[in-house]
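Structure first, commentary second.
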Amino acid sequence: MMSILAAALLLTTARAALAPVRQWADFSSALGHNRTCTRRGGMVCGLSDDEAAYVASTYDVVSIEKCFGTGPGAEDRTMANFVATAAQLKASNERTKVLFYWNARVAGPPRCYEAAFGAELLAHPDWWLRRDDGKALCVGPGERTPVCDDDDMTWPYVDFSVRAAADWWVAAPLAARDEAGANMSGVFFDSCDHWDWTLWSNVSESKAAAWAEGQRAALKRARDGLKARDADAFVVGNGFGAKNDTYLVDLVLGDVLDGLCAEHLGAFEWVEDRHTGAVNASVAALWLDATRKLPPEAPLLVKTWVGPEITPIDADGPRWPRHFRDPATNATLRNRTDAGVRRAATDLATYALAAYLCLATAGSYFSYGWWYDVSQGPLWRVDQLDVAVGEPLGPPEFAGLACRRDYEGAAVSVDLARWDSAAIVPKGT
């Protein structure tokens with residue numbers, strides 16, 4: 001008969017083998033943000049060896065954003081910086097999956113990319129999406145699609161209904177894969193959501209339909225080209241949100257994408273009622289609905305923010321829930337110092353993680369932070385993320401939006417409509 005001590009040792013060993021939540025990170029790098037930049041070759045602000053080791057050992061999937069490592073005097077190096085950083089991460093942990101970032105609407109900003117891509121787009125005005133009156137549309141301050149002067153174009157929307165423009169767009173991620181080789185595992189396609197240009201851009205319905213058809217075809221061509229190079233490559237589309245709850249899911253089910261990123265919806269951004277502090281239940285329910293429609297193994301990258309957010313995220317810092325108090329000072333005013341943000345992030349992480357664990361699928365990965373720079377989340381260590389939860393023992397159980405779910409190593413409970421309701425209780429405590 002096994003002794004009590006031996007049984008206890010076996011139980012301890014089994015618990016020790018349980019894994020924490022699987023994590024992913026997407027990040028850019030910029031000068032400042034309480035971090036000393038590391039110059040590596042032509043990179044103005046790359047990862048230090050210690051940072052790369054931490055990222056590679058912490059995250060299963062890493063997406064390296066546009067303009068990573070660029071800066072004054074070395075702005076047009078996104079692709080070269082990606083290739084070098086992917087090699088750096090893979091050298092630290094060969095199991096880390098590194099994704100190339102490419103925007104599926106505006107492909108830029110072009111100034112960050114090598115001349116073969118950024119400058120070529122700017123040199124072809126016939127590749128830019130235009131209103132019915134011929135005016136080009138681009139990204140700019142103050143408006144989502146301001147009209148841009150052809151002589152002062154900085155970030156145009158790509159017209160996917162023009163075959164040459166679509167060919168140019170498809171070539172970029174394939175060129176990145178050819179250069180990076182096996183160090184690149186796939187692509188993070190941003191802005192994949194369905195956009196109704198006719199609502200606000202003075203673009204005709206026929207033009208908008210041709211653009212959407214061209215974008216979908218380009219996404220599929222890029223995916224097929226990547227898989228021809230590496231059968232295990234995968235592409236993820238970002239843009240899943242409250243106004244387009246089925247479009248990206250349909251792209252996955254139609255083999256245009258392999259998975260999706262629930263960036264804003266998964267963060268519950270924009271959904272807290274400013275007056276009552278309650279989370280908008282109908283928006284939260286869309287995320288649950290998506291997890292039920294997707295194949296369980298489909299990559300689902302869930303990006304959560306410090307919060308839930310009560311207003312749209314921005315680079316100035318989190319706008320965390322009403323009535324939240326700083327754990328150190330008990331103050332209700334937002335402390336946006338580095339220390340204040342980190343305290344809030346640690347205190348509020350239980351809600352974000354519990355909501356994620358309640359809805360996680362076999363293909364899910366968790367991300368947590370407050371903006372896109374590598375210093376604003378990916379280099380943090382948050383205690384809750386070290387809990388060895390293991391695998392779920394069954395599906396979530398819901399009573400309205402109150403959820404309970406049992407994991408191998410922890411019991412999870414949260415009311416998605418209440419940011420202060422979450423609990424993750426390790427088993428054996």
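Residues are referred to by chain and number: the chain letter is A, B, ... according to the order shown in the structure tokens, the number counts from 1 in that chain, and ligands are numbered separately from 1 in the order shown.
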
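Every protein, DNA or RNA residue with an atom at most 9 Å from Asp326 of chain A, where only C-alpha atoms count and chain neighbours fewer than 5 positions away do not, is listed here: Ala331, Thr332, Leu333, Arg334, Asn335, Gly340, Arg343, Ala344 and Asp347 of chain A.
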
Contacts of Gly134 of chain A within 10 Å, only C-alpha atoms, excl. fewer than 3 positions in-chain, as an MDAnalysis selection string: chainID A and resid 129:131 137 147 203

Set the distance at 7 Å and use only C-alpha atoms: which residues neighbour Ala233 of chain A once local chain neighbours fewer than 3 positions away are removed? I'd like the list as a list in words.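 Returned residues: Ser185, Gly186, Leu226, Lys227 and Asp230 of chain A.
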
Between atom CA of Thr346 of chain A and atom CA of Val382 of chain A, what is the spacing in Å?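 Interatomic distance, atom CA of Val382 of chain A to atom CA of Thr346 of chain A: 5.8 Å.
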
Just the residues within 8 Å of Ala171 of chain A, please, counting only C-alpha atoms, with nothing from its chain fewer than 4 positions along; format it as a list of chain:residue names. A:Asp167, A:Ala175, A:Ala222

Output for the residues just chosen: all heavy atoms as a compact mmCIF listing (two decimals), in the first residue's frame:
# COMPACT_ATOMS: atom_id res chain seq x y z
N ASP A 167 -1.41 42.68 -55.03
CA ASP A 167 -0.19 41.89 -55.21
C ASP A 167 0.94 42.44 -54.34
O ASP A 167 1.69 41.67 -53.72
CB ASP A 167 0.25 41.92 -56.67
CG ASP A 167 -0.66 41.11 -57.58
OD1 ASP A 167 -1.47 40.32 -57.07
OD2 ASP A 167 -0.57 41.30 -58.81
N ALA A 175 7.61 37.99 -48.20
CA ALA A 175 9.02 38.39 -48.20
C ALA A 175 9.61 38.29 -46.80
O ALA A 175 10.76 37.87 -46.62
CB ALA A 175 9.16 39.81 -48.74
N ALA A 222 -2.31 35.39 -49.14
CA ALA A 222 -1.18 35.49 -48.22
C ALA A 222 -1.10 34.24 -47.33
O ALA A 222 -0.03 33.68 -47.12
CB ALA A 222 -1.29 36.74 -47.36

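Comparing A:Thr198, A:Ser63, A:Thr85, A:Thr70 by their smallest distance to Glu51 of chain A, the closest is A:Thr85 (using only C-alpha atoms).
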
Under the rule that only C-alpha atoms are counted, which of A:Gly239, A:Asp159, A:Arg39, A:Ala231 is the nearest residue to Gln215 of chain A?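 Counting only C-alpha atoms, the residue closest to Gln215 of chain A is A:Asp159.
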